[in-house]
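A.B. asks: The structure that follows is given in the form of structure tokens.
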Amino acid sequence: QVQLVESGGGLVQPGGSLRLSCAASERTFKAYAMGWFRQAPGKEREFQAAISWNLGRPYYADSVKGRFTISRDNAKNTVYLQMNSLKHEDTAVYYCAADSSKFTISSQLPIVGSYDYWGQGTQVTVSS
């Protein structure tokens with residue numbers, strides 16, 4: 001059972017930045033594709049970014065391209081989400097997720113059901 005722990009959320013003004021971290025309990029972390037999702041009150045969980053397990057290739061939702069950057073440090077079993085130019089509409093609980101399958105194709109990475117493990121979430125609030 002992989003445990004994922006997010007951190008780095010908080011209150012930030014519009015235009016500001018935050019870096020979220022997600023630490024995994026497994027040393028096999030490097031074999032997992034990792035994703036970041038968010039969920040605002042009353043809305044469905046929404047894909048933000050993912051990074052492949054083999055080439056470390058990033059994928060982004062159109063709404064965050066150019067503002068968010070996903071990266072991973074396999075030595076630290078950690079995936080990051082650097083969020084810049086934050087907007088009010090970025091306010092949500094942010095979740096990281098791990099996909100243990102080596103057969104997931106890139107088009108499946110935005111799908112919630114592609115992931116086996118989820119963290120507890122970290123709140124991001126963008127407000128002046």
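Naming works like this for the structure tokens: A, B, ... for the chains as they're shown, residue 1 at the start of each chain, ligands 1 onward in shown order.
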Fewer than 3 positions away in the same chain doesn't count, so skip those; otherwise give me all residues within 10 Å of Leu18 of chain A, counting only C-alpha atoms, as number ranges by chain.
C.D. replies: A: 8-12, 21, 68, 81-86, 124
A.B. asks: Just want the 8 Å neighbourhood of Gln3 of chain A, counted on only C-alpha atoms, with same-chain residues fewer than 2 positions away dropped. Output as a PyMOL selection string.
C.D. replies: chain A and resi 1+5+24-26+117-119
A.B. asks: Grab the residues selected above and save them as a PDB file, in the first residue's frame with N, CA and C atoms.
C.D. replies:
ATOM      1  N   GLN A   1       0.835  -1.185   0.000  1.00  0.00           N
ATOM      2  CA  GLN A   1       0.000   0.000   0.000  1.00  0.00           C
ATOM      3  C   GLN A   1       0.878   1.246   0.000  1.00  0.00           C
ATOM      4  N   VAL A   5       1.603  11.753   0.871  1.00  0.00           N
ATOM      5  CA  VAL A   5       1.353  12.861   1.791  1.00  0.00           C
ATOM      6  C   VAL A   5       1.683  14.167   1.091  1.00  0.00           C
ATOM      7  N   ALA A  24       5.998  10.047  -1.222  1.00  0.00           N
ATOM      8  CA  ALA A  24       5.476   8.683  -1.289  1.00  0.00           C
ATOM      9  C   ALA A  24       6.246   7.776  -0.347  1.00  0.00           C
ATOM     10  N   SER A  25       5.556   6.772   0.161  1.00  0.00           N
ATOM     11  CA  SER A  25       6.164   5.884   1.149  1.00  0.00           C
ATOM     12  C   SER A  25       6.969   4.771   0.521  1.00  0.00           C
ATOM     13  N   GLU A  26       6.771   4.540  -0.776  1.00  0.00           N
ATOM     14  CA  GLU A  26       7.380   3.388  -1.412  1.00  0.00           C
ATOM     15  C   GLU A  26       8.671   3.735  -2.138  1.00  0.00           C
ATOM     16  N   TYR A 117      -3.602   5.096  -6.056  1.00  0.00           N
ATOM     17  CA  TYR A 117      -3.393   5.628  -4.713  1.00  0.00           C
ATOM     18  C   TYR A 117      -3.549   7.137  -4.722  1.00  0.00           C
ATOM     19  N   TRP A 118      -4.093   7.641  -3.617  1.00  0.00           N
ATOM     20  CA  TRP A 118      -4.368   9.072  -3.490  1.00  0.00           C
ATOM     21  C   TRP A 118      -3.899   9.579  -2.124  1.00  0.00           C
ATOM     22  N   GLY A 119      -3.449  10.819  -2.125  1.00  0.00           N
ATOM     23  CA  GLY A 119      -3.142  11.472  -0.865  1.00  0.00           C
ATOM     24  C   GLY A 119      -4.390  12.059  -0.249  1.00  0.00           C
TER      25      GLY A 119
END
A.B. asks: Fewer than 6 positions away in the same chain doesn't count, so skip those; otherwise give me all residues within 12 Å of Ala23 of chain A, counting only C-alpha atoms, as a list in words.
C.D. replies: Val2, Gln3, Leu4, Val5, Glu6, Ser7, Gly8, Phe29, Lys30, Met34, Arg72, Asp73, Asn74, Ala75, Lys76, Asn77, Thr78, Val79, Tyr80, Leu81, Tyr95, Cys96, Ala97, Ala98, Trp118, Gly119, Gln120 and Gly121 of chain A
A.B. asks: From a DSSP pass on the backbone, collect the residues of chain A flagged as strand (DSSP E or B) and hand them back as an MDAnalysis selection string.
C.D. replies: chainID A and resid 4:7 10:12 18:24 33:39 46:51 58:60 68:73 78:83 92:99 117:118 122:126
A.B. asks: Name the closest residue to Leu20 of chain A among the candidates A:Gln39, A:Ser128, A:Ser101, A:Ser71; distances are taken between atoms, counting only C-alpha atoms.
C.D. replies: A:Ser71
A.B. asks: Between atom CA of Pro41 of chain A and atom CA of Val112 of chain A, what is the distance, to one decimal in Å?
C.D. replies: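 According to the coordinates, atom CA of Pro41 of chain A and atom CA of Val112 of chain A are separated by 17.1 Å.
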A.B. asks: Would you mind listing what lies within 8 Å of Pro110 of chain A as a ChimeraX atom specification, with only C-alpha atoms counted and same-chain residues fewer than 4 positions away left out?
C.D. replies: /A:35,47-50,61,114
A.B. asks: Create the file for the chosen residues now, containing C-alpha atoms and written as a short mmCIF file (atom, residue, chain, number, x, y, z; two decimals), in the first residue's frame.
C.D. replies:
data_model
loop_
_atom_site.label_atom_id
_atom_site.label_comp_id
_atom_site.auth_asym_id
_atom_site.auth_seq_id
_atom_site.Cartn_x
_atom_site.Cartn_y
_atom_site.Cartn_z
CA GLY A 35 -0.56 13.05 -11.12
CA PHE A 47 -6.80 16.85 -13.68
CA GLN A 48 -3.98 19.39 -13.42
CA ALA A 49 -0.73 17.68 -14.34
CA ALA A 50 0.97 14.31 -14.58
CA ALA A 61 -4.40 20.52 -18.39
CA SER A 114 -6.13 5.55 -13.87
#
A.B. asks: Quick one: residues within 12 Å of Phe103 of chain A, only C-alpha atoms counted, chain neighbours fewer than 5 positions away excluded, as a list in words?
C.D. replies: Ala31, Tyr32, Ala33, Ser52, Trp53, Asn54, Gln108, Leu109 and Ser114 of chain A
A.B. asks: Keeping only C-alpha atoms, write the selected residues to a file as a PDB file, in the first residue's frame.
C.D. replies:
ATOM      1  CA  ALA A  31       7.985   3.095 -11.255  1.00  0.00           C
ATOM      2  CA  TYR A  32       4.787   5.091 -10.770  1.00  0.00           C
ATOM      3  CA  ALA A  33       3.307   7.730 -12.990  1.00  0.00           C
ATOM      4  CA  SER A  52       5.367   9.663 -16.570  1.00  0.00           C
ATOM      5  CA  TRP A  53       7.320   7.028 -14.684  1.00  0.00           C
ATOM      6  CA  ASN A  54       9.872   6.162 -17.358  1.00  0.00           C
ATOM      7  CA  GLN A 108      -5.223   8.048 -19.783  1.00  0.00           C
ATOM      8  CA  LEU A 109      -3.174  10.115 -17.340  1.00  0.00           C
ATOM      9  CA  SER A 114      -6.128   5.546 -13.865  1.00  0.00           C
TER      10      SER A 114
END
A.B. asks: Of the candidates A:Ser63, A:Gly42, A:Thr28, A:Pro58, which one gets nearest to Ser100 of chain A if we count only C-alpha atoms?
C.D. replies: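 Of A:Ser63, A:Gly42, A:Thr28, A:Pro58, the one nearest Ser100 of chain A is A:Thr28, counting only C-alpha atoms.
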A.B. asks: Would you work out the distance separating atom CA of Trp36 of chain A from atom CA of Gly16 of chain A, expressed in Å to one decimal?
C.D. replies: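 Computing it gives 19.0 Å between the two atoms.
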A.B. asks: May I ask for the distance between atom CA of Thr104 of chain A and atom CA of Lys65 of chain A, given in Å to one decimal place?
C.D. replies: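 Here the two named atoms are 21.8 Å from each other.
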